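Here is the file coords.cif (mmCIF, C-alpha atoms).
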```cif
data_final
#
loop_
_atom_site.group_PDB
_atom_site.id
_atom_site.type_symbol
_atom_site.label_atom_id
_atom_site.label_comp_id
_atom_site.auth_asym_id
_atom_site.auth_seq_id
_atom_site.Cartn_x
_atom_site.Cartn_y
_atom_site.Cartn_z
ATOM 1 C CA MET A 308 -48.335 8.088 -22.015
ATOM 2 C CA ASN A 309 -45.990 10.295 -20.026
ATOM 3 C CA ARG A 310 -42.428 9.109 -20.540
ATOM 4 C CA THR A 311 -39.474 10.034 -18.356
ATOM 5 C CA ALA A 312 -35.979 9.201 -19.562
ATOM 6 C CA LEU A 313 -32.776 8.953 -17.602
ATOM 7 C CA ILE A 314 -29.803 9.287 -19.958
ATOM 8 C CA THR A 315 -26.343 8.292 -18.793
ATOM 9 C CA GLY A 316 -23.514 9.927 -20.690
ATOM 10 C CA ALA A 317 -25.909 12.739 -21.589
ATOM 11 C CA GLY A 318 -23.070 15.212 -22.028
ATOM 12 C CA GLY A 319 -21.436 13.166 -24.772
ATOM 13 C CA PHE A 320 -21.812 13.421 -28.518
ATOM 14 C CA VAL A 321 -24.845 11.139 -28.924
ATOM 15 C CA GLY A 322 -26.213 11.771 -25.430
ATOM 16 C CA HIS A 323 -26.433 15.505 -26.078
ATOM 17 C CA ILE A 324 -28.417 14.972 -29.278
ATOM 18 C CA LEU A 325 -30.634 12.260 -27.778
ATOM 19 C CA ARG A 326 -31.440 14.547 -24.849
ATOM 20 C CA GLN A 327 -32.653 17.317 -27.140
ATOM 21 C CA TYR A 328 -34.510 14.931 -29.445
ATOM 22 C CA LEU A 329 -36.457 13.270 -26.636
ATOM 23 C CA ALA A 330 -37.326 16.640 -25.109
ATOM 24 C CA ASP A 331 -38.638 17.766 -28.494
ATOM 25 C CA GLN A 332 -40.795 14.629 -28.627
ATOM 26 C CA GLY A 333 -42.393 15.490 -25.294
ATOM 27 C CA TRP A 334 -40.340 13.328 -22.946
ATOM 28 C CA THR A 335 -39.297 14.458 -19.491
ATOM 29 C CA VAL A 336 -35.525 14.059 -19.546
ATOM 30 C CA ARG A 337 -33.114 13.622 -16.673
ATOM 31 C CA CYS A 338 -29.422 13.510 -17.382
ATOM 32 C CA CYS A 339 -26.213 12.348 -15.832
ATOM 33 C CA ASP A 340 -22.606 12.689 -16.874
ATOM 34 C CA VAL A 341 -19.163 12.746 -15.294
ATOM 35 C CA HIS A 342 -19.068 16.480 -16.019
ATOM 36 C CA ALA A 343 -22.646 17.634 -15.456
ATOM 37 C CA PRO A 344 -23.604 21.329 -15.598
ATOM 38 C CA ALA A 345 -23.591 22.959 -12.195
ATOM 39 C CA ASP A 346 -26.858 24.129 -10.632
ATOM 40 C CA ASP A 347 -29.094 22.433 -13.230
ATOM 41 C CA PRO A 348 -31.876 20.454 -11.504
ATOM 42 C CA ASP A 349 -32.180 18.068 -14.461
ATOM 43 C CA TRP A 350 -28.543 16.957 -14.254
ATOM 44 C CA PHE A 351 -26.664 14.678 -11.871
ATOM 45 C CA THR A 352 -22.887 14.306 -11.720
ATOM 46 C CA CYS A 353 -22.100 10.615 -11.911
ATOM 47 C CA ASP A 354 -19.287 8.220 -12.720
ATOM 48 C CA VAL A 355 -21.112 4.972 -13.485
ATOM 49 C CA SER A 356 -18.212 2.910 -12.152
ATOM 50 C CA ASP A 357 -18.684 4.340 -8.632
ATOM 51 C CA PRO A 358 -21.209 2.186 -6.684
ATOM 52 C CA PRO A 359 -22.434 4.739 -4.114
ATOM 53 C CA ILE A 360 -22.787 7.437 -6.783
ATOM 54 C CA VAL A 361 -24.767 5.141 -9.093
ATOM 55 C CA ASP A 362 -27.123 4.290 -6.253
ATOM 56 C CA ALA A 363 -27.528 7.987 -5.473
ATOM 57 C CA LEU A 364 -28.246 8.649 -9.143
ATOM 58 C CA LEU A 365 -31.260 6.320 -9.150
ATOM 59 C CA GLU A 366 -32.481 7.687 -5.837
ATOM 60 C CA TRP A 367 -32.338 11.160 -7.412
ATOM 61 C CA ALA A 368 -34.041 10.081 -10.631
ATOM 62 C CA GLY A 369 -36.876 8.393 -8.772
ATOM 63 C CA ARG A 370 -39.431 5.722 -9.565
ATOM 64 C CA GLU A 371 -41.153 7.866 -12.178
ATOM 65 C CA VAL A 372 -38.348 7.038 -14.636
ATOM 66 C CA THR A 373 -39.874 4.916 -17.394
ATOM 67 C CA HIS A 374 -36.790 4.415 -19.580
ATOM 68 C CA VAL A 375 -33.061 4.395 -18.907
ATOM 69 C CA PHE A 376 -30.849 5.055 -21.930
ATOM 70 C CA HIS A 377 -27.386 3.812 -21.004
ATOM 71 C CA LEU A 378 -24.845 5.633 -23.179
ATOM 72 C CA ALA A 379 -22.080 6.267 -20.646
ATOM 73 C CA ALA A 380 -18.995 4.414 -21.856
ATOM 74 C CA ILE A 381 -15.371 4.580 -22.904
ATOM 75 C CA THR A 382 -16.046 4.657 -26.646
ATOM 76 C CA PHE A 383 -12.713 5.438 -28.313
ATOM 77 C CA VAL A 384 -11.062 2.164 -29.313
ATOM 78 C CA PRO A 385 -7.419 3.346 -28.933
ATOM 79 C CA GLU A 386 -8.211 4.703 -25.472
ATOM 80 C CA SER A 387 -9.534 1.297 -24.425
ATOM 81 C CA GLY A 388 -6.277 -0.261 -25.605
ATOM 82 C CA ARG A 389 -4.190 2.202 -23.604
ATOM 83 C CA ASP A 390 -6.229 1.690 -20.423
ATOM 84 C CA PRO A 391 -8.235 -1.550 -20.630
ATOM 85 C CA HIS A 392 -8.824 -1.553 -16.868
ATOM 86 C CA ARG A 393 -10.739 1.714 -17.109
ATOM 87 C CA ALA A 394 -12.641 0.524 -20.192
ATOM 88 C CA PHE A 395 -13.873 -2.571 -18.347
ATOM 89 C CA ASP A 396 -14.567 -0.590 -15.187
ATOM 90 C CA VAL A 397 -16.867 1.816 -17.026
ATOM 91 C CA ASN A 398 -18.291 -0.299 -19.838
ATOM 92 C CA LEU A 399 -18.911 -3.560 -17.979
ATOM 93 C CA GLN A 400 -18.867 -2.807 -14.265
ATOM 94 C CA GLY A 401 -20.770 0.430 -14.855
ATOM 95 C CA THR A 402 -23.520 -1.497 -16.637
ATOM 96 C CA VAL A 403 -23.728 -4.059 -13.816
ATOM 97 C CA LEU A 404 -23.954 -1.318 -11.194
ATOM 98 C CA LEU A 405 -26.509 0.700 -13.119
ATOM 99 C CA THR A 406 -28.839 -2.202 -13.879
ATOM 100 C CA ASP A 407 -28.680 -3.285 -10.249
ATOM 101 C CA ALA A 408 -29.632 0.218 -9.117
ATOM 102 C CA VAL A 409 -32.471 0.384 -11.663
ATOM 103 C CA ARG A 410 -33.836 -2.923 -10.373
ATOM 104 C CA ARG A 411 -33.916 -1.541 -6.832
ATOM 105 C CA HIS A 412 -35.108 2.016 -7.440
ATOM 106 C CA ALA A 413 -37.095 1.931 -10.708
ATOM 107 C CA PRO A 414 -37.998 -1.739 -11.216
ATOM 108 C CA GLU A 415 -40.685 -1.023 -13.827
ATOM 109 C CA ALA A 416 -38.365 0.991 -16.057
ATOM 110 C CA ARG A 417 -37.168 -0.260 -19.433
ATOM 111 C CA PHE A 418 -33.382 -0.386 -19.727
ATOM 112 C CA VAL A 419 -32.082 0.522 -23.185
ATOM 113 C CA PHE A 420 -28.516 -0.705 -23.465
ATOM 114 C CA ILE A 421 -26.483 1.090 -26.110
ATOM 115 C CA GLY A 422 -23.966 -1.477 -27.268
ATOM 116 C CA SER A 423 -21.819 -1.587 -30.378
ATOM 117 C CA ALA A 424 -21.539 -3.491 -33.631
ATOM 118 C CA GLU A 425 -17.823 -3.751 -32.832
ATOM 119 C CA ILE A 426 -18.718 -6.828 -30.796
ATOM 120 C CA TYR A 427 -19.373 -8.802 -33.996
ATOM 121 C CA GLY A 428 -15.711 -8.618 -34.983
ATOM 122 C CA PRO A 429 -14.592 -9.622 -38.491
ATOM 123 C CA PRO A 430 -17.722 -10.409 -40.513
ATOM 124 C CA ARG A 431 -18.424 -13.976 -41.515
ATOM 125 C CA THR A 432 -21.275 -12.793 -43.724
ATOM 126 C CA LEU A 433 -22.411 -9.423 -45.028
ATOM 127 C CA PRO A 434 -24.623 -7.711 -44.169
ATOM 128 C CA MET A 435 -24.283 -8.599 -40.504
ATOM 129 C CA ASP A 436 -27.560 -9.235 -38.702
ATOM 130 C CA GLU A 437 -28.275 -9.753 -35.014
ATOM 131 C CA GLN A 438 -27.603 -13.502 -35.288
ATOM 132 C CA HIS A 439 -24.009 -12.933 -36.331
ATOM 133 C CA PRO A 440 -21.573 -14.590 -33.884
ATOM 134 C CA LEU A 441 -19.776 -12.313 -31.451
ATOM 135 C CA ASN A 442 -16.009 -12.109 -31.877
ATOM 136 C CA PRO A 443 -14.752 -8.817 -30.379
ATOM 137 C CA THR A 444 -11.161 -7.961 -31.274
ATOM 138 C CA ASN A 445 -10.198 -5.064 -28.970
ATOM 139 C CA PRO A 446 -10.700 -4.114 -25.303
ATOM 140 C CA TYR A 447 -13.546 -1.727 -26.127
ATOM 141 C CA ALA A 448 -15.457 -4.368 -28.064
ATOM 142 C CA ILE A 449 -14.746 -7.076 -25.487
ATOM 143 C CA SER A 450 -16.060 -4.902 -22.653
ATOM 144 C CA LYS A 451 -19.179 -3.981 -24.626
ATOM 145 C CA ALA A 452 -19.807 -7.609 -25.591
ATOM 146 C CA ALA A 453 -19.646 -8.662 -21.940
ATOM 147 C CA ALA A 454 -22.076 -5.899 -20.930
ATOM 148 C CA ASP A 455 -24.395 -6.794 -23.823
ATOM 149 C CA LEU A 456 -24.473 -10.444 -22.760
ATOM 150 C CA TYR A 457 -25.065 -9.468 -19.139
ATOM 151 C CA CYS A 458 -28.087 -7.421 -20.185
ATOM 152 C CA GLY A 459 -29.362 -10.424 -22.125
ATOM 153 C CA TYR A 460 -29.008 -12.504 -18.962
ATOM 154 C CA LEU A 461 -31.012 -9.976 -16.928
ATOM 155 C CA HIS A 462 -33.946 -10.334 -19.281
ATOM 156 C CA ALA A 463 -33.709 -14.130 -19.514
ATOM 157 C CA ALA A 464 -33.671 -14.347 -15.709
ATOM 158 C CA GLY A 465 -36.749 -12.126 -15.460
ATOM 159 C CA LEU A 466 -34.851 -9.470 -13.547
ATOM 160 C CA LEU A 467 -35.243 -6.423 -15.801
ATOM 161 C CA ASP A 468 -37.008 -5.204 -18.936
ATOM 162 C CA VAL A 469 -34.052 -4.791 -21.280
ATOM 163 C CA VAL A 470 -33.692 -3.996 -24.962
ATOM 164 C CA ARG A 471 -30.282 -3.833 -26.589
ATOM 165 C CA VAL A 472 -29.094 -1.880 -29.610
ATOM 166 C CA ARG A 473 -25.897 -2.426 -31.558
ATOM 167 C CA PRO A 474 -25.142 0.720 -33.522
ATOM 168 C CA PHE A 475 -22.671 0.630 -36.379
ATOM 169 C CA ASN A 476 -20.509 3.682 -37.097
ATOM 170 C CA HIS A 477 -22.274 7.003 -36.748
ATOM 171 C CA SER A 478 -21.173 10.600 -36.952
ATOM 172 C CA GLY A 479 -22.467 14.139 -37.186
ATOM 173 C CA PRO A 480 -22.077 17.660 -35.827
ATOM 174 C CA GLY A 481 -20.492 17.696 -32.396
ATOM 175 C CA GLN A 482 -18.539 14.465 -32.675
ATOM 176 C CA SER A 483 -15.008 14.510 -31.296
ATOM 177 C CA ASP A 484 -12.270 14.835 -33.878
ATOM 178 C CA ALA A 485 -10.749 11.676 -32.424
ATOM 179 C CA PHE A 486 -13.093 9.818 -34.806
ATOM 180 C CA VAL A 487 -12.247 9.447 -38.468
ATOM 181 C CA LEU A 488 -14.847 11.507 -40.358
ATOM 182 C CA SER A 489 -14.860 14.274 -37.784
ATOM 183 C CA SER A 490 -11.051 14.283 -37.777
ATOM 184 C CA PHE A 491 -10.965 14.791 -41.549
ATOM 185 C CA ALA A 492 -13.583 17.541 -41.422
ATOM 186 C CA HIS A 493 -11.828 19.383 -38.588
ATOM 187 C CA GLN A 494 -8.457 19.240 -40.304
ATOM 188 C CA ILE A 495 -9.990 20.594 -43.508
ATOM 189 C CA ALA A 496 -11.754 23.429 -41.668
ATOM 190 C CA ARG A 497 -8.496 24.472 -39.999
ATOM 191 C CA ILE A 498 -6.613 24.320 -43.305
ATOM 192 C CA GLU A 499 -9.254 26.496 -44.968
ATOM 193 C CA VAL A 500 -8.692 29.327 -42.474
ATOM 194 C CA GLY A 501 -4.913 29.004 -42.531
ATOM 195 C CA LYS A 502 -4.487 27.465 -39.083
ATOM 196 C CA GLU A 503 -2.821 24.346 -40.437
ATOM 197 C CA PRO A 504 -0.587 23.663 -43.451
ATOM 198 C CA PRO A 505 -2.472 22.172 -46.442
ATOM 199 C CA VAL A 506 -1.665 18.582 -45.497
ATOM 200 C CA LEU A 507 -4.273 16.116 -44.244
ATOM 201 C CA ARG A 508 -2.919 13.153 -42.270
ATOM 202 C CA VAL A 509 -4.786 9.878 -42.595
ATOM 203 C CA GLY A 510 -4.685 6.240 -41.517
ATOM 204 C CA ASN A 511 -6.154 3.249 -43.367
ATOM 205 C CA LEU A 512 -8.299 4.533 -46.237
ATOM 206 C CA ASP A 513 -9.326 1.125 -47.568
ATOM 207 C CA ALA A 514 -11.540 0.085 -44.658
ATOM 208 C CA ARG A 515 -15.245 0.147 -45.489
ATOM 209 C CA ARG A 516 -17.744 1.143 -42.840
ATOM 210 C CA ASP A 517 -21.505 1.495 -42.426
ATOM 211 C CA PHE A 518 -22.039 5.134 -41.395
ATOM 212 C CA SER A 519 -25.280 6.648 -40.116
ATOM 213 C CA HIS A 520 -26.119 10.234 -39.261
ATOM 214 C CA VAL A 521 -26.447 10.704 -35.513
ATOM 215 C CA SER A 522 -29.929 12.188 -35.978
ATOM 216 C CA ASP A 523 -31.092 8.915 -37.530
ATOM 217 C CA VAL A 524 -29.455 7.001 -34.695
ATOM 218 C CA VAL A 525 -31.270 8.828 -31.891
ATOM 219 C CA ARG A 526 -34.576 8.282 -33.708
ATOM 220 C CA ALA A 527 -33.764 4.582 -33.680
ATOM 221 C CA TYR A 528 -33.026 4.642 -29.955
ATOM 222 C CA GLU A 529 -36.417 6.154 -29.218
ATOM 223 C CA ALA A 530 -38.140 3.677 -31.535
ATOM 224 C CA VAL A 531 -36.504 0.729 -29.765
ATOM 225 C CA ALA A 532 -37.301 2.187 -26.345
ATOM 226 C CA ILE A 533 -40.989 2.466 -27.193
ATOM 227 C CA GLU A 534 -41.618 -0.404 -29.605
ATOM 228 C CA GLY A 535 -38.737 -2.844 -29.211
ATOM 229 C CA GLN A 536 -39.485 -6.305 -27.889
ATOM 230 C CA SER A 537 -38.155 -6.925 -24.405
ATOM 231 C CA GLY A 538 -35.028 -9.040 -24.424
ATOM 232 C CA GLU A 539 -34.305 -8.488 -28.095
ATOM 233 C CA VAL A 540 -31.325 -6.858 -29.780
ATOM 234 C CA TYR A 541 -31.494 -4.499 -32.760
ATOM 235 C CA ASN A 542 -28.833 -3.282 -35.153
ATOM 236 C CA VAL A 543 -28.829 0.433 -35.935
ATOM 237 C CA CYS A 544 -27.162 1.085 -39.270
ATOM 238 C CA SER A 545 -27.617 2.452 -42.772
ATOM 239 C CA GLY A 546 -27.209 -0.910 -44.480
ATOM 240 C CA CYS A 547 -24.581 0.534 -46.837
ATOM 241 C CA ALA A 548 -20.792 0.627 -46.580
ATOM 242 C CA VAL A 549 -18.474 3.285 -47.946
ATOM 243 C CA SER A 550 -14.696 3.272 -47.887
ATOM 244 C CA ILE A 551 -12.835 5.815 -45.805
ATOM 245 C CA ARG A 552 -11.201 6.840 -49.079
ATOM 246 C CA GLU A 553 -14.619 7.658 -50.586
ATOM 247 C CA ALA A 554 -15.587 9.609 -47.480
ATOM 248 C CA LEU A 555 -12.381 11.623 -47.642
ATOM 249 C CA ALA A 556 -12.932 12.348 -51.327
ATOM 250 C CA GLY A 557 -16.404 13.647 -50.534
ATOM 251 C CA LEU A 558 -15.029 16.038 -47.934
ATOM 252 C CA LEU A 559 -12.180 17.195 -50.170
ATOM 253 C CA ASN A 560 -14.691 17.925 -52.935
ATOM 254 C CA VAL A 561 -16.282 20.621 -50.777
ATOM 255 C CA ALA A 562 -13.032 21.902 -49.270
ATOM 256 C CA GLY A 563 -12.198 25.540 -49.917
ATOM 257 C CA ALA A 564 -8.483 24.839 -50.281
ATOM 258 C CA SER A 565 -6.059 22.629 -52.171
ATOM 259 C CA ILE A 566 -5.020 19.871 -49.761
ATOM 260 C CA ARG A 567 -2.383 17.153 -49.948
ATOM 261 C CA VAL A 568 -3.096 13.794 -48.291
ATOM 262 C CA GLU A 569 -0.339 12.045 -46.313
ATOM 263 C CA HIS A 570 -0.335 8.650 -44.617
ATOM 264 C CA ASP A 571 0.190 8.750 -40.814
ATOM 265 C CA PRO A 572 1.207 5.406 -39.240
ATOM 266 C CA THR A 573 0.089 6.592 -35.789
ATOM 267 C CA ARG A 574 -3.513 6.662 -37.049
ATOM 268 C CA MET A 575 -3.514 2.952 -37.902
ATOM 269 C CA ARG A 576 -5.303 0.455 -35.623
ATOM 270 C CA PRO A 577 -3.454 -2.694 -34.507
ATOM 271 C CA VAL A 578 -6.467 -4.726 -35.728
ATOM 272 C CA ASP A 579 -8.611 -3.225 -38.473
ATOM 273 C CA ILE A 580 -11.553 -5.034 -40.087
ATOM 274 C CA PRO A 581 -11.706 -4.536 -43.883
ATOM 275 C CA GLU A 582 -15.497 -4.072 -44.054
ATOM 276 C CA MET A 583 -18.433 -3.817 -41.691
ATOM 277 C CA ARG A 584 -21.968 -3.486 -42.995
ATOM 278 C CA GLY A 585 -25.110 -4.177 -41.059
ATOM 279 C CA SER A 586 -28.733 -5.075 -41.627
ATOM 280 C CA HIS A 587 -31.465 -3.000 -39.994
ATOM 281 C CA GLU A 588 -34.205 -5.303 -41.289
ATOM 282 C CA LYS A 589 -35.183 -6.475 -37.803
ATOM 283 C CA LEU A 590 -35.406 -2.927 -36.431
ATOM 284 C CA SER A 591 -37.385 -1.716 -39.436
ATOM 285 C CA ALA A 592 -39.808 -4.637 -39.277
ATOM 286 C CA ARG A 593 -40.473 -4.078 -35.575
ATOM 287 C CA THR A 594 -40.657 -0.267 -35.430
ATOM 288 C CA GLY A 595 -40.890 1.070 -38.986
ATOM 289 C CA TRP A 596 -37.618 2.962 -38.536
ATOM 290 C CA THR A 597 -35.472 3.534 -41.609
ATOM 291 C CA PRO A 598 -32.470 5.827 -42.121
ATOM 292 C CA LYS A 599 -33.431 9.129 -43.729
ATOM 293 C CA ILE A 600 -30.255 11.218 -44.006
ATOM 294 C CA PRO A 601 -27.910 10.379 -46.920
ATOM 295 C CA PHE A 602 -24.168 10.061 -46.471
ATOM 296 C CA ASP A 603 -23.407 13.209 -48.482
ATOM 297 C CA ALA A 604 -25.575 15.214 -46.094
ATOM 298 C CA LEU A 605 -23.676 13.740 -43.153
ATOM 299 C CA LEU A 606 -20.395 14.953 -44.637
ATOM 300 C CA CYS A 607 -21.832 18.423 -45.290
ATOM 301 C CA ASP A 608 -23.119 18.655 -41.723
ATOM 302 C CA LEU A 609 -19.698 17.686 -40.368
ATOM 303 C CA ILE A 610 -17.692 20.180 -42.390
ATOM 304 C CA GLY A 611 -20.266 22.865 -41.641
ATOM 305 C CA TYR A 612 -19.991 22.206 -37.920
ATOM 306 C CA TRP A 613 -16.203 22.467 -37.902
ATOM 307 C CA ARG A 614 -16.182 25.582 -40.084
ATOM 308 C CA LEU A 615 -18.568 27.259 -37.676
ATOM 309 C CA SER A 616 -16.451 26.116 -34.723
ATOM 310 C CA GLU A 617 -13.266 27.588 -36.182
ATOM 311 C CA HIS A 618 -15.088 30.820 -37.099
ATOM 312 C CA SER A 619 -16.437 31.110 -33.560
ATOM 313 C CA LYS A 620 -12.928 30.716 -32.147
ATOM 314 C CA ASP A 621 -11.730 33.578 -34.356
ATOM 315 C CA GLU A 622 -14.561 35.819 -33.170
ATOM 316 C CA GLY A 623 -13.886 34.921 -29.555
#
```

Structure re-expressed in structure tokens:
Amino acid sequence: MNRTALITGAGGFVGHILRQYLADQGWTVRCCDVHAPADDPDWFTCDVSDPPIVDALLEWAGREVTHVFHLAAITFVPESGRDPHRAFDVNLQGTVLLTDAVRRHAPEARFVFIGSAEIYGPPRTLPMDEQHPLNPTNPYAISKAAADLYCGYLHAAGLLDVVRVRPFNHSGPGQSDAFVLSSFAHQIARIEVGKEPPVLRVGNLDARRDFSHVSDVVRAYEAVAIEGQSGEVYNVCSGCAVSIREALAGLLNVAGASIRVEHDPTRMRPVDIPEMRGSHEKLSARTGWTPKIPFDALLCDLIGYWRLSEHSKDEG
């Protein structure tokens, strides 16, 4: 079967990797982003919160689109707190606009909604499966929960073929240093080359999170797109939790410098959940997907990426 994907947010961290992965698997890939490359026929410049632009996007993509991977979102939790209006405009209204345009221009397409495990909120049980109650605790999570529920409504009403995924934390090469593991790795890389003093500033180290490598995550997205049951929701996670303290220790173990760790109150979240750990049993049973890349390899890939980035800056 010939598959054609439209990826929103294709210029972002996960979107960039998903785009390459699907192309490698033989998909035709069309991309959109707020900052799309100029003069590339496979890209469309689009803000998903802009109704006329979203409609033009689907006219451009055409009816041959078989799958829409909706990644475009405000994803950084502190940013959503600073500007909740924008978070809801993009994360919720953007999803409503996009699904409406898909229904009109590519009604046979499958809509893959990329949600977030943040919508579960503080866990009542661990591991958290797809039946866990939703209790979002920040503007990002609230906006994603509303969009997730709206997508569930579209399926129940017979309006669109929708599958939803709720990824837990994921990281890897190319992730912004606004996120915790990438922040640590970038700071270490800069310290190693003498661009920063040997002090690493951290927030809450006791929180435990379920981290996956981004390469495992994009494999899961394809698996759900092809084999997921319409209307269903699937967690994407490793099934294991590690503390931020353990993650930092792993990065410091491979650091090429002696580094002191200091607490930074500005890096603390107003609401921070002690532990989040998911179950991917439903996804694995349906598609056969399992995580393949161990956490230590994720840390090595991160520090390697930032070392290369700092080296490239020096050469430039």

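Every protein or nucleic acid residue with an atom no more than 9 Å from Val472 (chain A), counting all atoms listed in the file and leaving out same-chain residues fewer than 5 positions away, appears here: Val419, Phe420, Ile421, Gly422, Ser423, Ala424, Asp455, Ala527, Tyr528, Val531, Glu539, Val540, Tyr541, Asn542 and Val543 of chain A.
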
Would you kindly translate the PyMOL selection byres ((chain A and resi 552) around 9) into the concrete residues it picks from this file, as a PyMOL selection string?
chain A and resi 511-515+549-551+553-557

One residue among A:Val469, A:Val568, A:Val524, A:Leu461 is nearest to Val506 (chain A) when using only C-alpha atoms, and that residue is A:Val568

If the PyMOL selection byres ((chain A and resi 326-338) around 6) is run on the structure shown, which residues does it catch, given as a short mmCIF file (atom, residue, chain, number, x, y, z; two decimals) with C-alpha atoms, keeping the file's coordinate frame?
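Resulting contents of out37.cif:
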```
data_model
loop_
_atom_site.label_atom_id
_atom_site.label_comp_id
_atom_site.auth_asym_id
_atom_site.auth_seq_id
_atom_site.Cartn_x
_atom_site.Cartn_y
_atom_site.Cartn_z
CA ARG A 310 -42.43 9.11 -20.54
CA THR A 311 -39.47 10.03 -18.36
CA ALA A 312 -35.98 9.20 -19.56
CA LEU A 313 -32.78 8.95 -17.60
CA ILE A 314 -29.80 9.29 -19.96
CA ALA A 317 -25.91 12.74 -21.59
CA GLY A 322 -26.21 11.77 -25.43
CA HIS A 323 -26.43 15.50 -26.08
CA ILE A 324 -28.42 14.97 -29.28
CA LEU A 325 -30.63 12.26 -27.78
CA CYS A 339 -26.21 12.35 -15.83
CA ASP A 349 -32.18 18.07 -14.46
CA TRP A 350 -28.54 16.96 -14.25
#
```

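If only C-alpha atoms are the atoms counted, then among A:Pro480, A:Gly319, A:Gly595, A:Gly563 the closest residue to Val500 (chain A) is A:Gly563.
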
Residues near region 445-450 of chain A, cut-off 10 Å, all atoms listed in the file, skip fewer than 3 positions along chain, as a PDB file with C-alpha atoms, in the coordinates of the input:
```
ATOM      1  CA  ALA A 380     -18.995   4.414 -21.856  1.00  0.00           C
ATOM      2  CA  ILE A 381     -15.371   4.580 -22.904  1.00  0.00           C
ATOM      3  CA  THR A 382     -16.046   4.657 -26.646  1.00  0.00           C
ATOM      4  CA  PHE A 383     -12.713   5.438 -28.313  1.00  0.00           C
ATOM      5  CA  VAL A 384     -11.062   2.164 -29.313  1.00  0.00           C
ATOM      6  CA  PRO A 385      -7.419   3.346 -28.933  1.00  0.00           C
ATOM      7  CA  GLU A 386      -8.211   4.703 -25.472  1.00  0.00           C
ATOM      8  CA  SER A 387      -9.534   1.297 -24.425  1.00  0.00           C
ATOM      9  CA  GLY A 388      -6.277  -0.261 -25.605  1.00  0.00           C
ATOM     10  CA  ARG A 389      -4.190   2.202 -23.604  1.00  0.00           C
ATOM     11  CA  ASP A 390      -6.229   1.690 -20.423  1.00  0.00           C
ATOM     12  CA  PRO A 391      -8.235  -1.550 -20.630  1.00  0.00           C
ATOM     13  CA  HIS A 392      -8.824  -1.553 -16.868  1.00  0.00           C
ATOM     14  CA  ALA A 394     -12.641   0.524 -20.192  1.00  0.00           C
ATOM     15  CA  PHE A 395     -13.873  -2.571 -18.347  1.00  0.00           C
ATOM     16  CA  ASP A 396     -14.567  -0.590 -15.187  1.00  0.00           C
ATOM     17  CA  VAL A 397     -16.867   1.816 -17.026  1.00  0.00           C
ATOM     18  CA  ASN A 398     -18.291  -0.299 -19.838  1.00  0.00           C
ATOM     19  CA  LEU A 399     -18.911  -3.560 -17.979  1.00  0.00           C
ATOM     20  CA  GLN A 400     -18.867  -2.807 -14.265  1.00  0.00           C
ATOM     21  CA  GLY A 422     -23.966  -1.477 -27.268  1.00  0.00           C
ATOM     22  CA  SER A 423     -21.819  -1.587 -30.378  1.00  0.00           C
ATOM     23  CA  ALA A 424     -21.539  -3.491 -33.631  1.00  0.00           C
ATOM     24  CA  GLU A 425     -17.823  -3.751 -32.832  1.00  0.00           C
ATOM     25  CA  ILE A 426     -18.718  -6.828 -30.796  1.00  0.00           C
ATOM     26  CA  TYR A 427     -19.373  -8.802 -33.996  1.00  0.00           C
ATOM     27  CA  GLY A 428     -15.711  -8.618 -34.983  1.00  0.00           C
ATOM     28  CA  LEU A 441     -19.776 -12.313 -31.451  1.00  0.00           C
ATOM     29  CA  ASN A 442     -16.009 -12.109 -31.877  1.00  0.00           C
ATOM     30  CA  ALA A 453     -19.646  -8.662 -21.940  1.00  0.00           C
ATOM     31  CA  ALA A 454     -22.076  -5.899 -20.930  1.00  0.00           C
ATOM     32  CA  ASP A 455     -24.395  -6.794 -23.823  1.00  0.00           C
ATOM     33  CA  ARG A 576      -5.303   0.455 -35.623  1.00  0.00           C
ATOM     34  CA  PRO A 577      -3.454  -2.694 -34.507  1.00  0.00           C
ATOM     35  CA  VAL A 578      -6.467  -4.726 -35.728  1.00  0.00           C
ATOM     36  CA  ASP A 579      -8.611  -3.225 -38.473  1.00  0.00           C
TER      37      ASP A 579
END
```

Just want the 7 Å neighbourhood of Val509 (chain A), counted on only C-alpha atoms, with same-chain residues fewer than 2 positions away dropped. Output as a ChimeraX atom specification.
/A:507,511,569-571,574

Might I get the box with edges along x, y and z of the file that holds all atoms of region 476-481 of chain A listed there, padded by 6 Å on every side, given as centre and edge lengths in Å to one decimal, as AutoDock Vina command-line options?
```
--center_x -21.5 --center_y 10.7 --center_z -34.8 --size_x 14.0 --size_y 26.0 --size_z 16.8
```
